[in-house]
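Printed here is coords23.txt (compact mmCIF, C-alpha atoms and all ligand atoms):
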```txt
# COMPACT_ATOMS: atom_id res chain seq x y z
CA MET A 16 7.81 -20.21 -31.12
CA PRO A 17 6.95 -16.54 -31.48
CA VAL A 18 8.96 -14.14 -29.40
CA PRO A 19 6.61 -11.76 -27.59
CA GLN A 20 6.28 -8.57 -29.51
CA ARG A 21 7.16 -5.19 -28.11
CA ARG A 22 3.58 -4.18 -28.61
CA ASP A 23 2.63 -6.72 -25.95
CA PHE A 24 4.24 -4.43 -23.49
CA LEU A 25 2.76 -1.21 -24.68
CA ILE A 26 1.55 0.78 -21.80
CA GLY A 27 -1.62 2.37 -20.65
CA LEU A 28 -4.42 2.93 -23.07
CA ALA A 29 -2.63 1.46 -26.03
CA ALA A 30 -2.01 -1.71 -24.07
CA THR A 31 -5.72 -2.07 -23.53
CA ALA A 32 -6.39 -2.31 -27.20
CA ALA A 33 -3.42 -4.58 -27.76
CA THR A 34 -4.35 -7.09 -25.10
CA ALA A 35 -8.14 -7.06 -25.13
CA ALA A 36 -8.41 -8.49 -28.60
CA GLY A 37 -9.85 -11.93 -29.02
CA SER A 38 -11.60 -12.46 -25.74
CA ALA A 39 -15.38 -12.52 -25.89
CA ALA A 40 -15.55 -11.77 -22.20
CA ALA A 41 -13.30 -8.82 -22.67
CA GLN A 42 -15.66 -7.38 -25.29
CA GLN A 43 -18.34 -7.22 -22.63
CA ALA A 44 -16.18 -6.09 -19.80
CA PRO A 45 -16.54 -2.76 -18.05
CA GLY A 46 -14.05 -0.21 -19.23
CA ARG A 47 -14.17 -1.68 -22.73
CA GLY A 48 -15.86 1.39 -24.09
CA LEU A 49 -13.55 3.83 -22.33
CA THR A 50 -10.86 4.57 -24.85
CA ALA A 51 -9.42 7.55 -23.05
CA ILE A 52 -9.42 8.85 -19.53
CA PRO A 53 -11.38 12.10 -19.63
CA GLN A 54 -9.54 15.31 -19.00
CA LEU A 55 -8.78 15.79 -15.32
CA PRO A 56 -11.39 17.98 -13.65
CA ALA A 57 -10.39 21.39 -12.35
CA GLU A 58 -8.76 21.52 -8.95
CA GLY A 59 -11.91 22.70 -7.16
CA VAL A 60 -13.92 19.67 -8.34
CA LEU A 61 -11.10 17.16 -8.71
CA ALA A 62 -12.46 14.91 -5.98
CA THR A 63 -16.11 15.22 -6.86
CA ASP A 64 -16.64 15.71 -10.60
CA PRO A 65 -19.44 13.18 -11.30
CA ALA A 66 -18.62 12.52 -14.94
CA TYR A 67 -14.94 11.96 -14.26
CA TRP A 68 -15.47 9.56 -11.39
CA ALA A 69 -18.24 7.70 -13.22
CA ALA A 70 -15.79 7.16 -16.07
CA ILE A 71 -13.15 5.86 -13.67
CA ARG A 72 -15.75 3.63 -12.00
CA SER A 73 -16.56 2.11 -15.39
CA LEU A 74 -13.03 0.68 -15.50
CA TYR A 75 -13.85 -1.67 -12.63
CA ASN A 76 -15.74 -4.93 -12.57
CA VAL A 77 -16.73 -5.57 -8.95
CA THR A 78 -19.34 -7.66 -7.25
CA PRO A 79 -22.72 -5.98 -6.83
CA ASP A 80 -23.48 -8.31 -3.91
CA VAL A 81 -21.98 -6.11 -1.23
CA ILE A 82 -20.69 -2.59 -0.70
CA ASN A 83 -17.04 -3.46 -0.31
CA LEU A 84 -15.37 -0.97 2.01
CA GLU A 85 -12.48 -3.36 2.66
CA ASN A 86 -10.15 -2.39 -0.16
CA GLY A 87 -7.11 -2.20 2.08
CA TYR A 88 -6.46 -5.92 1.71
CA TRP A 89 -5.54 -5.50 -1.94
CA GLY A 90 -6.77 -3.49 -4.89
CA VAL A 91 -9.10 -4.70 -7.62
CA MET A 92 -7.31 -4.41 -10.95
CA ILE A 93 -9.11 -2.20 -13.42
CA GLU A 94 -10.35 -4.12 -16.44
CA PRO A 95 -7.64 -3.02 -18.89
CA VAL A 96 -4.95 -4.16 -16.46
CA ARG A 97 -6.77 -7.42 -15.75
CA ARG A 98 -7.06 -8.08 -19.47
CA HIS A 99 -3.38 -7.34 -19.95
CA TYR A 100 -2.57 -9.71 -17.09
CA MET A 101 -4.69 -12.47 -18.66
CA ALA A 102 -2.99 -11.94 -22.01
CA MET A 103 0.43 -12.06 -20.38
CA THR A 104 -0.55 -15.23 -18.52
CA GLU A 105 -1.48 -16.84 -21.81
CA MET A 106 1.71 -15.67 -23.45
CA VAL A 107 3.93 -16.86 -20.60
CA ASN A 108 2.18 -20.21 -20.51
CA ARG A 109 2.62 -20.59 -24.24
CA ASP A 110 6.19 -19.39 -24.53
CA ASN A 111 7.34 -20.80 -21.21
CA SER A 112 11.07 -20.82 -20.43
CA PHE A 113 11.91 -19.58 -23.91
CA TYR A 114 10.31 -16.28 -23.00
CA ALA A 115 11.40 -16.26 -19.37
CA ARG A 116 15.02 -16.84 -20.31
CA THR A 117 15.23 -14.63 -23.37
CA GLY A 118 12.71 -11.82 -22.91
CA PHE A 119 11.57 -11.26 -19.37
CA GLY A 120 14.63 -9.48 -17.99
CA ARG A 121 14.69 -7.12 -20.94
CA ASP A 122 10.94 -6.49 -20.77
CA MET A 123 11.02 -5.63 -17.07
CA GLU A 124 13.58 -2.87 -17.47
CA PRO A 125 10.99 -0.29 -18.68
CA ALA A 126 8.84 -1.09 -15.64
CA ARG A 127 11.77 -0.60 -13.30
CA ALA A 128 12.69 2.65 -15.04
CA ALA A 129 9.10 3.91 -14.94
CA LEU A 130 8.74 3.08 -11.26
CA ALA A 131 12.00 4.84 -10.51
CA GLN A 132 10.88 7.88 -12.44
CA ALA A 133 7.53 7.95 -10.65
CA LEU A 134 9.28 7.69 -7.31
CA GLY A 135 12.03 10.15 -8.16
CA CYS A 136 14.91 7.72 -7.73
CA ALA A 137 17.31 5.73 -9.91
CA PRO A 138 16.34 2.31 -11.33
CA GLU A 139 19.42 0.92 -9.58
CA GLU A 140 17.78 1.81 -6.26
CA ILE A 141 14.84 -0.54 -6.92
CA ALA A 142 14.56 -4.33 -6.72
CA PHE A 143 11.30 -6.17 -7.39
CA THR A 144 9.77 -8.38 -4.71
CA ARG A 145 6.46 -10.19 -4.41
CA GLY A 146 5.07 -7.57 -2.07
CA ALA A 147 5.84 -5.29 0.82
CA THR A 148 6.24 -8.16 3.29
CA GLU A 149 9.05 -9.70 1.30
CA ALA A 150 10.73 -6.33 0.74
CA LEU A 151 10.53 -5.30 4.39
CA GLN A 152 11.53 -8.68 5.82
CA LEU A 153 14.62 -8.61 3.63
CA LEU A 154 15.45 -5.06 4.71
CA ILE A 155 14.93 -5.76 8.42
CA ALA A 156 16.71 -9.10 8.39
CA GLY A 157 19.46 -7.84 6.13
CA TYR A 158 20.25 -4.63 8.00
CA ASN A 159 23.76 -5.46 9.18
CA ARG A 160 24.76 -2.50 11.33
CA LEU A 161 23.24 -3.87 14.52
CA ARG A 162 25.50 -5.00 17.35
CA PRO A 163 24.57 -6.88 20.52
CA GLY A 164 23.25 -4.40 23.06
CA ASP A 165 21.84 -2.00 20.45
CA SER A 166 18.10 -1.31 20.48
CA VAL A 167 15.54 -1.48 17.72
CA LEU A 168 12.20 0.33 17.96
CA TYR A 169 8.70 -0.16 16.62
CA ALA A 170 5.14 0.91 17.45
CA ASP A 171 1.84 -0.84 18.11
CA LEU A 172 0.46 0.36 14.78
CA ASP A 173 3.21 -1.23 12.69
CA TYR A 174 2.28 -4.27 10.60
CA ASP A 175 2.33 -7.64 12.34
CA SER A 176 4.84 -9.43 10.17
CA MET A 177 7.22 -6.49 10.39
CA GLN A 178 6.83 -6.57 14.18
CA TYR A 179 7.71 -10.27 14.10
CA ALA A 180 10.79 -9.54 12.01
CA MET A 181 11.86 -6.80 14.46
CA ASN A 182 11.30 -9.22 17.39
CA TRP A 183 13.38 -11.84 15.57
CA LEU A 184 16.34 -9.43 15.63
CA LYS A 185 16.66 -10.12 19.37
CA ASP A 186 17.86 -13.67 18.71
CA ARG A 187 19.45 -12.95 15.35
CA ARG A 188 21.46 -9.87 16.32
CA GLY A 189 21.34 -9.79 20.12
CA VAL A 190 19.53 -6.46 20.27
CA ASP A 191 16.92 -5.14 22.69
CA VAL A 192 13.53 -4.75 21.08
CA VAL A 193 11.52 -1.75 22.27
CA ARG A 194 7.82 -1.54 21.50
CA PHE A 195 5.76 1.55 22.19
CA ALA A 196 2.25 2.87 21.51
CA ILE A 197 1.15 5.69 19.25
CA PRO A 198 -1.21 7.97 21.18
CA GLU A 199 -4.94 7.82 20.54
CA PRO A 200 -6.50 10.08 19.56
CA ALA A 201 -3.41 10.95 17.58
CA THR A 202 -2.35 14.46 16.69
CA LYS A 203 0.71 15.35 14.68
CA ALA A 204 2.28 17.01 17.72
CA ALA A 205 1.55 14.00 19.94
CA VAL A 206 2.93 11.54 17.39
CA LEU A 207 6.11 13.58 16.98
CA GLN A 208 6.47 13.88 20.75
CA THR A 209 6.07 10.12 21.12
CA TYR A 210 8.91 9.43 18.69
CA ARG A 211 11.04 12.17 20.28
CA ASP A 212 10.51 10.61 23.72
CA VAL A 213 11.18 7.05 22.56
CA LEU A 214 14.38 8.08 20.82
CA ALA A 215 15.51 10.06 23.87
CA ALA A 216 14.74 7.16 26.21
CA ASN A 217 16.71 4.71 24.08
CA PRO A 218 20.16 6.13 23.45
CA LYS A 219 21.35 2.77 22.14
CA ALA A 220 18.68 2.77 19.43
CA ARG A 221 20.07 1.99 16.00
CA LEU A 222 17.05 1.05 13.92
CA LEU A 223 13.47 2.34 13.83
CA LEU A 224 10.56 0.90 11.88
CA LEU A 225 7.97 3.39 10.60
CA THR A 226 4.67 2.63 8.94
CA HIS A 227 3.76 5.57 6.72
CA LEU A 228 0.04 4.76 6.63
CA SER A 229 -1.28 2.38 9.26
CA HIS A 230 -3.26 -0.63 8.09
CA ARG A 231 -4.88 -0.71 11.53
CA THR A 232 -6.29 2.81 11.84
CA GLY A 233 -5.37 4.65 8.65
CA LEU A 234 -3.14 7.05 10.59
CA VAL A 235 -0.54 8.75 8.41
CA ILE A 236 2.54 9.69 10.38
CA PRO A 237 4.98 12.51 9.55
CA VAL A 238 7.69 10.18 8.30
CA ALA A 239 10.09 12.85 7.02
CA GLU A 240 10.13 14.68 10.34
CA ILE A 241 10.60 11.49 12.35
CA THR A 242 13.29 10.26 9.99
CA ALA A 243 15.18 13.54 10.34
CA MET A 244 14.88 13.29 14.12
CA ALA A 245 16.21 9.72 14.05
CA ARG A 246 18.99 10.47 11.61
CA ALA A 247 20.27 13.27 13.85
CA LEU A 248 20.69 10.64 16.58
CA GLY A 249 22.36 8.08 14.30
CA VAL A 250 19.25 5.91 14.03
CA ASP A 251 18.39 4.36 10.67
CA VAL A 252 14.79 4.11 9.57
CA ILE A 253 13.03 1.42 7.53
CA VAL A 254 9.73 2.68 6.14
CA ASP A 255 6.75 0.46 5.43
CA ALA A 256 5.00 2.19 2.53
CA ALA A 257 2.67 -0.73 1.74
CA HIS A 258 -0.42 1.43 2.04
CA SER A 259 0.84 4.88 1.27
CA TRP A 260 2.27 4.98 -2.24
CA GLY A 261 -0.61 4.99 -4.68
CA GLN A 262 -3.08 6.08 -2.07
CA MET A 263 -0.99 9.18 -1.51
CA ASP A 264 0.96 11.16 -4.05
CA PHE A 265 4.63 11.48 -3.01
CA ARG A 266 8.16 10.71 -4.10
CA VAL A 267 10.52 8.54 -2.14
CA GLY A 268 12.78 11.50 -1.38
CA ASP A 269 9.89 13.11 0.50
CA LEU A 270 10.24 10.39 3.16
CA GLY A 271 13.91 11.11 3.79
CA ALA A 272 14.46 7.40 4.47
CA ASP A 273 17.15 5.18 3.01
CA PHE A 274 15.23 1.90 3.15
CA VAL A 275 11.60 1.51 2.04
CA GLY A 276 9.32 -1.41 1.23
CA PHE A 277 6.44 -1.04 -1.24
CA ASN A 278 3.85 -3.18 -2.89
CA LEU A 279 2.07 -2.58 -6.17
CA HIS A 280 -1.00 -4.73 -5.59
CA LYS A 281 -2.81 -2.46 -3.17
CA TRP A 282 -3.10 1.10 -4.41
CA ILE A 283 -1.29 0.99 -7.74
CA GLY A 284 -3.66 -1.73 -8.97
CA ALA A 285 -1.10 -4.20 -10.32
CA PRO A 286 -1.78 -7.95 -10.00
CA LEU A 287 -1.30 -9.69 -6.67
CA GLY A 288 2.26 -10.68 -5.91
CA THR A 289 4.04 -7.50 -6.98
CA GLY A 290 6.14 -5.10 -4.95
CA PHE A 291 9.65 -3.76 -4.59
CA MET A 292 12.24 -2.46 -2.22
CA TYR A 293 14.10 0.83 -2.33
CA ILE A 294 17.61 1.23 -0.99
CA ARG A 295 19.13 4.65 -1.37
CA LYS A 296 22.34 4.72 -3.38
CA GLY A 297 25.32 4.39 -1.08
CA ARG A 298 23.41 2.37 1.54
CA LEU A 299 23.59 -0.99 -0.22
CA PRO A 300 26.50 -2.24 1.92
CA ASP A 301 24.31 -1.87 5.02
CA ILE A 302 21.84 -4.50 3.81
CA ASP A 303 23.12 -8.05 3.41
CA ARG A 304 22.61 -9.92 0.17
CA ALA A 305 19.47 -12.05 0.39
CA LEU A 306 20.69 -15.32 1.90
CA ALA A 307 24.09 -14.72 0.32
CA ASP A 308 22.72 -14.41 -3.22
CA GLU A 309 25.33 -15.05 -5.92
CA ASP A 310 23.17 -14.34 -8.98
CA TRP A 311 23.95 -10.64 -8.94
CA PRO A 312 27.08 -8.76 -7.91
CA ALA A 313 26.98 -7.41 -4.36
CA THR A 314 26.93 -3.93 -5.88
CA ASP A 315 23.54 -4.64 -7.53
CA ILE A 316 20.39 -4.12 -5.45
CA ARG A 317 18.86 -7.20 -7.08
CA SER A 318 21.19 -9.29 -4.90
CA ARG A 319 19.13 -8.02 -1.93
CA ALA A 320 15.90 -9.66 -3.14
CA HIS A 321 16.33 -13.19 -4.34
CA THR A 322 12.85 -14.27 -5.35
CA GLY A 323 12.49 -17.71 -6.89
CA THR A 324 10.52 -18.22 -10.08
CA TYR A 325 8.34 -15.17 -10.63
CA ASN A 326 4.75 -14.90 -11.64
CA PHE A 327 6.07 -13.35 -14.85
CA ALA A 328 2.65 -12.23 -16.06
CA ALA A 329 2.02 -10.29 -12.85
CA PHE A 330 5.28 -8.40 -13.18
CA LEU A 331 4.66 -7.79 -16.87
CA SER A 332 1.46 -6.02 -15.81
CA VAL A 333 3.19 -3.59 -13.48
CA LEU A 334 3.94 -1.07 -16.21
CA PRO A 335 0.38 -0.84 -17.59
CA ALA A 336 -0.94 -0.65 -14.04
CA LEU A 337 1.43 2.21 -13.26
CA ARG A 338 0.55 4.05 -16.47
CA TRP A 339 -3.17 3.77 -15.80
CA HIS A 340 -2.58 4.91 -12.24
CA GLN A 341 -0.75 7.95 -13.58
CA GLN A 342 -3.41 8.64 -16.20
CA ILE A 343 -6.20 8.51 -13.65
CA GLY A 344 -4.00 10.95 -11.77
CA THR A 345 -1.91 10.29 -8.70
CA ARG A 346 -3.20 13.42 -7.03
CA ALA A 347 -6.75 12.84 -8.24
CA LYS A 348 -6.68 9.42 -6.61
CA GLU A 349 -5.43 10.85 -3.34
CA VAL A 350 -8.02 13.62 -3.18
CA ARG A 351 -10.86 11.32 -4.23
CA LEU A 352 -10.06 8.72 -1.57
CA ARG A 353 -9.65 11.40 1.08
CA TYR A 354 -12.92 13.02 0.03
CA LEU A 355 -14.79 9.72 0.40
CA ARG A 356 -13.17 9.22 3.79
CA ASP A 357 -13.95 12.75 4.95
CA ARG A 358 -17.53 12.41 3.77
CA TRP A 359 -18.42 9.44 5.98
CA VAL A 360 -16.15 10.51 8.85
CA GLY A 361 -17.75 13.96 8.85
CA LYS A 362 -21.16 12.37 9.36
CA ALA A 363 -19.95 9.71 11.79
CA ARG A 364 -18.27 12.24 14.06
CA GLY A 365 -21.69 13.66 14.78
CA ILE A 366 -23.05 10.28 15.91
CA ASN A 367 -23.15 9.71 19.65
CA GLY A 368 -21.32 6.55 20.58
CA ILE A 369 -18.99 6.30 17.57
CA GLU A 370 -15.25 6.78 18.07
CA ILE A 371 -13.17 7.72 15.05
CA LEU A 372 -9.55 6.72 15.53
CA THR A 373 -7.92 8.82 12.84
CA PRO A 374 -7.63 12.59 13.11
CA ASP A 375 -8.91 15.08 10.56
CA GLU A 376 -5.75 17.13 10.95
CA PRO A 377 -4.22 17.78 7.52
CA GLY A 378 -1.66 15.18 6.51
CA MET A 379 -2.65 12.67 9.19
CA SER A 380 -5.03 10.53 7.14
CA ALA A 381 -5.74 9.47 3.57
CA GLY A 382 -8.50 7.12 2.39
CA ILE A 383 -8.52 4.67 5.28
CA THR A 384 -10.02 5.31 8.71
CA SER A 385 -11.03 3.05 11.58
CA LEU A 386 -13.80 3.38 14.12
CA ARG A 387 -15.31 1.58 17.06
CA LEU A 388 -18.43 1.83 19.14
CA ALA A 389 -17.47 3.86 22.23
CA GLY A 390 -15.79 1.65 24.81
CA LYS A 391 -16.17 -1.49 22.67
CA THR A 392 -12.55 -2.54 22.37
CA SER A 393 -12.57 -6.35 22.26
CA ALA A 394 -12.22 -8.59 19.22
CA ALA A 395 -15.72 -9.93 19.87
CA ASP A 396 -17.20 -6.40 20.01
CA ASN A 397 -15.66 -5.48 16.71
CA ASN A 398 -16.43 -8.79 15.02
CA ALA A 399 -20.03 -8.14 16.01
CA LEU A 400 -19.94 -4.68 14.44
CA VAL A 401 -18.45 -6.07 11.22
CA ALA A 402 -21.17 -8.75 11.15
CA LEU A 403 -23.94 -6.21 11.73
CA LEU A 404 -22.66 -3.96 8.96
CA ARG A 405 -22.49 -6.90 6.58
CA GLU A 406 -25.65 -8.76 7.46
CA LYS A 407 -28.02 -5.86 8.12
CA HIS A 408 -26.60 -3.18 5.88
CA GLY A 409 -24.77 -5.03 3.10
CA ILE A 410 -21.49 -3.27 3.88
CA PHE A 411 -18.24 -5.21 4.07
CA THR A 412 -15.50 -4.01 6.46
CA VAL A 413 -12.84 -5.74 8.56
CA ARG A 414 -11.87 -5.87 12.22
CA ARG A 415 -8.35 -4.77 13.06
CA GLY A 416 -6.56 -5.59 16.30
CA GLY A 417 -3.17 -4.65 17.68
CA VAL A 418 -4.08 -1.05 18.56
CA ALA A 419 -2.89 -0.33 22.13
CA LYS A 420 -6.21 1.29 23.10
CA GLY A 421 -8.36 -1.47 21.68
CA GLN A 422 -9.63 -3.15 18.56
CA CYS A 423 -11.54 -1.39 15.82
CA VAL A 424 -13.22 -1.71 12.43
CA ARG A 425 -11.38 -0.48 9.36
CA VAL A 426 -13.08 1.26 6.45
CA SER A 427 -11.15 1.48 3.19
CA PRO A 428 -12.97 2.80 0.09
CA ALA A 429 -11.71 2.40 -3.47
CA LEU A 430 -11.94 4.48 -6.61
CA TYR A 431 -15.13 2.62 -7.55
CA THR A 432 -16.77 3.60 -4.23
CA THR A 433 -19.60 6.09 -4.60
CA GLU A 434 -20.84 8.89 -2.39
CA ALA A 435 -23.99 6.82 -1.87
CA ASP A 436 -21.88 3.92 -0.57
CA VAL A 437 -20.21 5.96 2.14
CA ASP A 438 -23.46 7.74 2.98
CA LYS A 439 -24.98 4.31 3.51
CA LEU A 440 -22.16 3.48 5.90
CA ALA A 441 -22.78 6.65 7.88
CA ALA A 442 -26.50 5.90 8.07
CA ALA A 443 -25.77 2.31 9.15
CA LEU A 444 -23.46 3.54 11.90
CA ALA A 445 -26.13 5.95 13.13
CA ALA A 446 -28.68 3.14 13.25
CA ILE A 447 -26.29 0.77 15.03
CA ALA A 448 -25.14 3.38 17.55
CA ALA A 449 -28.75 4.28 18.34
CA GLN A 450 -29.41 0.66 19.34
CA ALA A 451 -26.11 0.01 21.16
C1 LIG B 501 1.16 -1.65 6.68
C2 LIG B 501 1.36 -2.89 5.88
N1 LIG B 501 2.60 -3.35 5.70
C3 LIG B 501 2.86 -4.46 4.98
C4 LIG B 501 1.85 -5.17 4.39
C5 LIG B 501 2.15 -6.39 3.61
O1 LIG B 501 1.99 -6.12 2.28
P1 LIG B 501 2.08 -7.23 1.16
O2 LIG B 501 0.74 -7.80 1.00
O3 LIG B 501 2.51 -6.48 -0.04
O4 LIG B 501 3.10 -8.24 1.56
C6 LIG B 501 0.54 -4.74 4.54
C7 LIG B 501 -0.57 -5.51 3.94
O5 LIG B 501 -1.72 -5.39 4.28
C8 LIG B 501 0.28 -3.58 5.31
O6 LIG B 501 -0.96 -3.14 5.49
```
Starting from the coordinates I provided, produce the structure as structure tokens.
Ligand SMILES: Cc1ncc(COP(=O)(O)O)c(C=O)c1O
Amino acid sequence: MPVPQRRDFLIGLAATAATAAGSAAAQQAPGRGLTAIPQLPAEGVLATDPAYWAAIRSLYNVTPDVINLENGYWGVMIEPVRRHYMAMTEMVNRDNSFYARTGFGRDMEPARAALAQALGCAPEEIAFTRGATEALQLLIAGYNRLRPGDSVLYADLDYDSMQYAMNWLKDRRGVDVVRFAIPEPATKAAVLQTYRDVLAANPKARLLLLTHLSHRTGLVIPVAEITAMARALGVDVIVDAAHSWGQMDFRVGDLGADFVGFNLHKWIGAPLGTGFMYIRKGRLPDIDRALADEDWPATDIRSRAHTGTYNFAAFLSVLPALRWHQQIGTRAKEVRLRYLRDRWVGKARGINGIEILTPDEPGMSAGITSLRLAGKTSAADNNALVALLREKHGIFTVRRGGVAKGQCVRVSPALYTTEADVDKLAAALAAIAAQA
């Protein structure tokens, strides 16, 4: 049985050539002809350079049946990564346990090292998980410094399953669970004041959950400033970075937090079922081993994330996905997504009867932004808006609930989204608002 060759794990552009061979479909696939990412455009046109973004678009194979502005669920893999994933699936299926037991651990080390380098941390501070949910549930459940009578804090905009995990701490650890609302419309000053007030009102607070980039509204909160505020009061912070890393260009140190959950299948473009947790060196003792794991020593972060049998092929595609992400340009991605967002939001703000939930203030948004028709805050209202956009205008979006001031519709473009797509959204909103 052949042992997988090193070249199977070559990264980035080279991996494309190595893994695309042999598949007739792959010969036809978009991105096949793109043998190199063009040179990054100059700063002034980084977000807009037509040739550059057309080249990036050619890496994607997406349905022409709808304008998909619901890319926050997960990210379409670009064709070279998809092809690599298919090749790895074939290899893993062929080589089975022989590969899993003799090669996989070794082959994942470069991915772990590359992720650590991209994040500006040590590989020993990273453990792979199947996504952000798994990483964050393990961090929240495993945080062992809580005592009965302590408080834990979270906001309306935090992700549902993380809210459930925080609520669960009441029974598990005997703590008081405090939930509060982020102001709307949000400003940086108002968000900071909200966290300042909540921390001041809860002197027994020990743990705070922060969502860097909200999946409900797209709001980006000033995590580093809030973390510093919390730390000064002896409150630990767990950061949900499910939507931020990849959509935004930052290093984990920029967050100032000791515990962070990430995925790789949204904005890094790795296959579904990939993510990881970060625990800052020195903080490992504060997170329990995952259900008393005995596979790894307690001093190894991998004992904090005991996943069963992996989708090996998905994890073997993390490194090429990361390399492509870096070659497209981490900053280029951020500015492109923000440009697309600003383009439709700029038009929509001028439409009577449309409320935009995410501020234009620098640093407070990235590619995602939510809206609603003025005063239309119910699930039914927003389901109706989603249906209208889809059925009358061919634009796919999603309703999001859980926002204290009412439900909304989320718009999340991707790198394959065009200016024409977001202009069509703005025109559709104008037409809908005129008839509301
Ligand atoms: C803010 C936020 N946190 C966590 C998650 C869960 O991520 P995953 O799919 O990686 O488990 C999501 C997914 O949509 C999210 O939006």
Show me which residues are within 7 Å of ligand LIG 501 (chain B) counting all atoms listed in the file, and format the list as a tab-separated table (two decimals) with C-alpha atoms, in the frame of the given file.
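Resulting contents of result09.tsv:
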```
chain	number	residue	atom	x	y	z
A	87	GLY	CA	-7.11	-2.20	2.08
A	88	TYR	CA	-6.46	-5.92	1.71
A	145	ARG	CA	6.46	-10.19	-4.41
A	146	GLY	CA	5.07	-7.57	-2.07
A	147	ALA	CA	5.84	-5.29	0.82
A	148	THR	CA	6.24	-8.16	3.29
A	149	GLU	CA	9.05	-9.70	1.30
A	173	ASP	CA	3.21	-1.23	12.69
A	174	TYR	CA	2.28	-4.27	10.60
A	226	THR	CA	4.67	2.63	8.94
A	228	LEU	CA	0.04	4.76	6.63
A	229	SER	CA	-1.28	2.38	9.26
A	230	HIS	CA	-3.26	-0.63	8.09
A	255	ASP	CA	6.75	0.46	5.43
A	256	ALA	CA	5.00	2.19	2.53
A	257	ALA	CA	2.67	-0.73	1.74
A	258	HIS	CA	-0.42	1.43	2.04
A	277	PHE	CA	6.44	-1.04	-1.24
A	278	ASN	CA	3.85	-3.18	-2.89
A	280	HIS	CA	-1.00	-4.73	-5.59
A	290	GLY	CA	6.14	-5.10	-4.95
```
### Message
Between CA of Tyr100 (chain A) and CA of Ala66 (chain A), what is the distance in Å, rounded to a tenth?
### Response
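CA of Ala66 (chain A) lies at a distance of 27.5 Å from CA of Tyr100 (chain A).
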### Task
Could you tell me how far CA of Leu134 (chain A) lies from CA of Thr322 (chain A), in Å and to one decimal?
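CA of Thr322 (chain A) lies 22.3 Å from CA of Leu134 (chain A).
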### Message
Considering only C-alpha atoms, can you say which of A:Leu84, A:Ala305, A:Met92, A:Leu248 comes closest to Ala215 (chain A)?
### Response
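Of A:Leu84, A:Ala305, A:Met92, A:Leu248, the one nearest Ala215 (chain A), counting only C-alpha atoms, is A:Leu248.
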### Query
Contacts of Arg127 (chain A) at 10 Å or less, counting only C-alpha atoms, minus same-chain residues fewer than 3 places along, as a PyMOL selection string?
chain A and resi 122-124+130-133+137-143+291+333-334
